[in-house]
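Comments concern the structure below.
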Amino acid sequence: MEPKAHERSVDVRAYMRELGRAARAAARLLARASTDAKNRALRAMAAEIRLRAAQLLEANRADVDEAVRVGLDAAFIDRLTLTPATIEQMADGLEHVAALADPVGTISDRVTRPSGIEVARMRVPLGVIGIIYESRPNVTADAAALCLKAGNACILRGGSEALHSNQAIAACVRTGLLAAGLPESAVQVVATADRAAVGELITMREYVDILVPRGGKELIARLAREARIPMLKHLEGVCHVYIDDGADPAMAVRIADNAKTQRYATCNTLETLLVAAPIAPRVLPEIARIYQAKGVEMRGDEATRRLVPAARTATEQDYRTEWLAPVVSIRVVQGIDEAIEHIAQYGSQHTDAIVTGDRARAERFLREVDSSSVMVNASTRFADGYEYGLGAEIGISTDKLHARGPVGLEGLTTQKFVVFGHGEIRA
């Protein structure tokens, strides 16, 4: 017989706290684990994923069949589906993380003080990381790899629609941990689809040190309201490209095209194009021609529509919208002052770029635009951990503490002061 709602919630609460206690104990062991042990675990996980590929596909098929049965849309099912190629990519990703430098234990900023003591900073794990994500089963392997390499235990709560897939991947992860002599509770995947598990995870301050949500705006907004634990997150990616009147026109057209059309449904895709009035007649018609040819709907202000008759009238809400689709908002501004003001009013502090040949304006844009990534003469699509040389990323944070921008291994650690003395005492 199915338990009553209040009985289920008690069971979930006890279950999640059991995971939390196990994760806290595992975190202490991982903090002292050697780089070699962590790398052996990652490589063993990759081997197990390849070995169990057929079982992973079978588990995933059960999730996909159920998603089709309940009428989930094609885009969701595409994100949910595993293929032999994506399984190989998971295994490759684990091996890639194993090849990255281990940040844990590195010492920097070592200085000798007048007293004779030496003061430095040591990079250390955060502890226990809770990760909440939707639909994509590959996140289970990616998140496990990054947390483990950075010396953290983690509790992973994937979407209920991917429950079979996530548990099958979790079995491969546990095998890899045990093969390297590490506690299997270092990576725990929540095994219940009960939504109460999320509510428990985001409030277990005694067990979880930081949360990383990976999903849509509704999920992240909910966690921002209800969580009692610090998060690494971004809510939206309302990204801008500002074409200054000092820009090279050909460069401006190329960047505006790539930033919008290279991929539509990513958080670093251009959503609003700002163009300085003096250069607008030279670049906007050509950009519009490219957008039209690629099926991008344009919404612009009056000045934009005079130059681009195909553009629809933009509303104020359009300038606040993360389209994640072939739609772009356009505004003609008088210059850099108005561009910076627009970004401050409508942006989401994710990624914003200026195209200009004027060094002083570029430097001003870099200083004054308050976003996690600010670019000069480059597509916003470069705002990515891999492109930044981090090797991999667990997400992008627009918060100012403790990490900002793409979050890789270093962002999953923190620093503490360490002091080396030689018998000194304070006078």
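Residues in the structure tokens are named by chain (A, B, ... in the order shown) and by number from 1 within that chain; ligands are numbered from 1 in the order shown.
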
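Every protein or nucleic acid residue with an atom no more than 10 Å from A:Gly411, counting only C-alpha atoms and leaving out same-chain residues fewer than 3 positions away, appears here: Pro103, Pro125, Leu126, Ala150, Leu232, Leu390, Glu393, Ile394, Gly395, Ser397, His402, Ala403, Arg404, Gly405, Pro406, Val407, Gly408 and Thr414 of chain A.
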
Put those residues in a file: N, CA, C and O atoms, as a PDB file, in the first residue's frame.
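To be explicit, this is the file written out as result36.pdb:
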```
ATOM      1  N   PRO A 103      43.623  20.983  -8.129  1.00  0.00           N
ATOM      2  CA  PRO A 103      43.841  22.252  -7.416  1.00  0.00           C
ATOM      3  C   PRO A 103      44.044  22.083  -5.915  1.00  0.00           C
ATOM      4  O   PRO A 103      44.562  22.988  -5.255  1.00  0.00           O
ATOM      5  N   PRO A 125      39.067  21.724  -0.542  1.00  0.00           N
ATOM      6  CA  PRO A 125      37.705  21.432  -1.019  1.00  0.00           C
ATOM      7  C   PRO A 125      36.649  22.244  -0.259  1.00  0.00           C
ATOM      8  O   PRO A 125      36.868  22.667   0.876  1.00  0.00           O
ATOM      9  N   LEU A 126      35.492  22.394  -0.878  1.00  0.00           N
ATOM     10  CA  LEU A 126      34.366  23.050  -0.215  1.00  0.00           C
ATOM     11  C   LEU A 126      33.733  22.129   0.821  1.00  0.00           C
ATOM     12  O   LEU A 126      33.213  22.586   1.828  1.00  0.00           O
ATOM     13  N   ALA A 150      37.931  17.765  -7.342  1.00  0.00           N
ATOM     14  CA  ALA A 150      38.165  18.901  -6.447  1.00  0.00           C
ATOM     15  C   ALA A 150      38.090  18.501  -4.972  1.00  0.00           C
ATOM     16  O   ALA A 150      38.132  19.361  -4.095  1.00  0.00           O
ATOM     17  N   LEU A 232      25.838  28.368  -6.140  1.00  0.00           N
ATOM     18  CA  LEU A 232      26.520  28.864  -7.329  1.00  0.00           C
ATOM     19  C   LEU A 232      25.508  28.788  -8.458  1.00  0.00           C
ATOM     20  O   LEU A 232      25.107  27.689  -8.852  1.00  0.00           O
ATOM     21  N   LEU A 390      39.496  26.273 -18.470  1.00  0.00           N
ATOM     22  CA  LEU A 390      39.271  25.623 -17.185  1.00  0.00           C
ATOM     23  C   LEU A 390      39.206  24.109 -17.327  1.00  0.00           C
ATOM     24  O   LEU A 390      39.167  23.398 -16.328  1.00  0.00           O
ATOM     25  N   GLU A 393      33.500  22.642 -16.836  1.00  0.00           N
ATOM     26  CA  GLU A 393      32.772  23.510 -15.916  1.00  0.00           C
ATOM     27  C   GLU A 393      31.555  22.788 -15.372  1.00  0.00           C
ATOM     28  O   GLU A 393      30.993  21.899 -16.018  1.00  0.00           O
ATOM     29  N   ILE A 394      31.165  23.193 -14.182  1.00  0.00           N
ATOM     30  CA  ILE A 394      29.951  22.645 -13.592  1.00  0.00           C
ATOM     31  C   ILE A 394      28.779  23.584 -13.798  1.00  0.00           C
ATOM     32  O   ILE A 394      27.634  23.238 -13.555  1.00  0.00           O
ATOM     33  N   GLY A 395      29.064  24.791 -14.259  1.00  0.00           N
ATOM     34  CA  GLY A 395      28.021  25.774 -14.510  1.00  0.00           C
ATOM     35  C   GLY A 395      28.623  27.163 -14.567  1.00  0.00           C
ATOM     36  O   GLY A 395      29.843  27.336 -14.538  1.00  0.00           O
ATOM     37  N   SER A 397      28.247  31.062 -12.813  1.00  0.00           N
ATOM     38  CA  SER A 397      27.711  31.803 -11.682  1.00  0.00           C
ATOM     39  C   SER A 397      27.733  33.299 -11.972  1.00  0.00           C
ATOM     40  O   SER A 397      28.765  33.847 -12.374  1.00  0.00           O
ATOM     41  N   HIS A 402      30.972  32.774  -4.086  1.00  0.00           N
ATOM     42  CA  HIS A 402      32.409  32.867  -3.936  1.00  0.00           C
ATOM     43  C   HIS A 402      33.106  32.762  -5.291  1.00  0.00           C
ATOM     44  O   HIS A 402      34.299  33.046  -5.423  1.00  0.00           O
ATOM     45  N   ALA A 403      32.376  32.296  -6.295  1.00  0.00           N
ATOM     46  CA  ALA A 403      32.926  32.171  -7.644  1.00  0.00           C
ATOM     47  C   ALA A 403      32.037  32.941  -8.606  1.00  0.00           C
ATOM     48  O   ALA A 403      30.833  33.060  -8.399  1.00  0.00           O
ATOM     49  N   ARG A 404      32.628  33.461  -9.680  1.00  0.00           N
ATOM     50  CA  ARG A 404      31.871  34.235 -10.667  1.00  0.00           C
ATOM     51  C   ARG A 404      32.317  33.834 -12.060  1.00  0.00           C
ATOM     52  O   ARG A 404      33.510  33.649 -12.299  1.00  0.00           O
ATOM     53  N   GLY A 405      31.368  33.700 -12.973  1.00  0.00           N
ATOM     54  CA  GLY A 405      31.681  33.259 -14.326  1.00  0.00           C
ATOM     55  C   GLY A 405      31.661  31.744 -14.405  1.00  0.00           C
ATOM     56  O   GLY A 405      31.114  31.068 -13.524  1.00  0.00           O
ATOM     57  N   PRO A 406      32.255  31.168 -15.456  1.00  0.00           N
ATOM     58  CA  PRO A 406      32.307  29.707 -15.555  1.00  0.00           C
ATOM     59  C   PRO A 406      33.011  29.104 -14.336  1.00  0.00           C
ATOM     60  O   PRO A 406      34.060  29.587 -13.912  1.00  0.00           O
ATOM     61  N   VAL A 407      32.418  28.059 -13.762  1.00  0.00           N
ATOM     62  CA  VAL A 407      32.940  27.449 -12.537  1.00  0.00           C
ATOM     63  C   VAL A 407      33.538  26.088 -12.877  1.00  0.00           C
ATOM     64  O   VAL A 407      32.820  25.154 -13.235  1.00  0.00           O
ATOM     65  N   GLY A 408      34.860  25.990 -12.783  1.00  0.00           N
ATOM     66  CA  GLY A 408      35.556  24.732 -12.999  1.00  0.00           C
ATOM     67  C   GLY A 408      36.057  24.167 -11.691  1.00  0.00           C
ATOM     68  O   GLY A 408      35.493  24.425 -10.619  1.00  0.00           O
ATOM     69  N   THR A 414      37.922  26.274  -2.136  1.00  0.00           N
ATOM     70  CA  THR A 414      38.064  27.587  -1.522  1.00  0.00           C
ATOM     71  C   THR A 414      39.497  27.698  -1.012  1.00  0.00           C
ATOM     72  O   THR A 414      40.307  26.787  -1.227  1.00  0.00           O
TER      73      THR A 414
END
```

Next item on the list: Would you return as a ChimeraX atom specification the members of stretch 182-347 of chain A that DSSP assigns to alpha helix (DSSP H) on this structure's backbone?
Entry: /A:196-201,217-226,249-261,280-293,302-307,336-346

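Near A:Arg282, within 12 Å and counting only C-alpha atoms, sit Ile243, Asp244, Asp245, Gly246, Ala247, Asp248, Pro249, Ala250, Ala252, Val253, Val275, Ala276, Ala277, Ile287, Ala288, Leu307 and Val308 of chain A; same-chain residues fewer than 5 positions away were not included.
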
Next item on the list: Give the strand (DSSP E) residues of stretch 43-111 of chain A, as DSSP finds them on the backbone, and put them as a PyMOL selection string.
Entry: chain A and resi 107-111

With C-alpha atoms retained, write the just-selected residues as a CSV table (one decimal), in the first residue's frame.
```csv
chain,number,residue,atom,x,y,z
A,107,ILE,CA,49.8,27.0,-2.0
A,108,SER,CA,50.0,30.5,-3.3
A,109,ASP,CA,50.7,34.1,-2.3
A,110,ARG,CA,53.4,33.0,0.2
A,111,VAL,CA,55.0,36.0,1.9
```

Check: What separation in Å, quoted to one decimal, exists between atom CA of A:Leu163 and atom CA of A:Arg228?
Finding: 25.4 Å

Item checked: Contacts of A:Leu94 within 12 Å, only C-alpha atoms, excl. fewer than 4 positions in-chain, as a ChimeraX atom specification -> /A:38-50,87-90,98-100,138-149,172-173,176,391-392

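Taking atom CA of A:Pro285 and atom CA of A:Arg299 as endpoints, the distance between them is 13.7 Å.
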
Margin query: Which residues are near A:Glu206? Cut-off 9 Å, only C-alpha atoms, ignore same chain within fewer than 4 positions. Put them as a PyMOL selection string.
Written below: chain A and resi 20-21+24

Got time to write the residues from that selection, N, CA, C and O atoms, as a PDB file, in the first residue's frame?
```pdb
ATOM      1  N   GLY A  20      23.043  12.759   3.748  1.00  0.00           N
ATOM      2  CA  GLY A  20      23.856  13.874   4.216  1.00  0.00           C
ATOM      3  C   GLY A  20      24.946  13.442   5.181  1.00  0.00           C
ATOM      4  O   GLY A  20      26.105  13.869   5.062  1.00  0.00           O
ATOM      5  N   ARG A  21      24.589  12.589   6.132  1.00  0.00           N
ATOM      6  CA  ARG A  21      25.588  12.103   7.095  1.00  0.00           C
ATOM      7  C   ARG A  21      26.693  11.316   6.385  1.00  0.00           C
ATOM      8  O   ARG A  21      27.878  11.492   6.682  1.00  0.00           O
ATOM      9  N   ARG A  24      28.962  13.751   4.471  1.00  0.00           N
ATOM     10  CA  ARG A  24      29.863  14.503   5.350  1.00  0.00           C
ATOM     11  C   ARG A  24      31.049  13.642   5.768  1.00  0.00           C
ATOM     12  O   ARG A  24      32.199  14.106   5.773  1.00  0.00           O
TER      13      ARG A  24
END
```

Next item on the list: Measuring atom to atom with only C-alpha atoms, identify which of A:Val241, A:Ala227, A:Glu368, A:Thr269 is nearest to A:Val332.
Entry: A:Val241

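Look at A:Cys154: the protein and nucleic acid residues within 6 Å of it, using only C-alpha atoms and passing over chain neighbours fewer than 6 places away, are Val128, Ile129, Gly130 and Val187 of chain A.
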
Put those residues in a file: C-alpha atoms, as a compact mmCIF listing (two decimals), in the first residue's frame.
```
# COMPACT_ATOMS: atom_id res chain seq x y z
CA VAL A 128 29.74 18.53 0.41
CA ILE A 129 28.10 19.85 -2.76
CA GLY A 130 24.43 19.35 -3.57
CA VAL A 187 29.01 10.42 -4.85
```

Next item on the list: Show which residues sit within 9 Å of A:Gly105, as an NGL selection string. Count only C-alpha atoms, and ignore same-chain residues fewer than 3 positions away.
Entry: :A and (102 or 122-125)

Margin query: Can you measure atom CA of A:Gly421 to atom CA of A:Thr106 for me? One decimal in Å is fine.
Written below: 18.6 Å

With the cut-off set at 9 Å and counting only C-alpha atoms, tabulate each residue of stretch 166-224 of chain A with an atom at most that distance from an atom of stretch 57-62 of chain A, showing the nearest atom pair and its distance in Å to one decimal, ordered by chain and increasing number, as JSON lines.
```
{"residue": "A:Asn166", "atom": "CA", "partner": "A:Asn60", "partner_atom": "CA", "distance": 8.5}
{"residue": "A:Gln167", "atom": "CA", "partner": "A:Ala59", "partner_atom": "CA", "distance": 8.6}
{"residue": "A:Ala168", "atom": "CA", "partner": "A:Ala59", "partner_atom": "CA", "distance": 6.7}
```
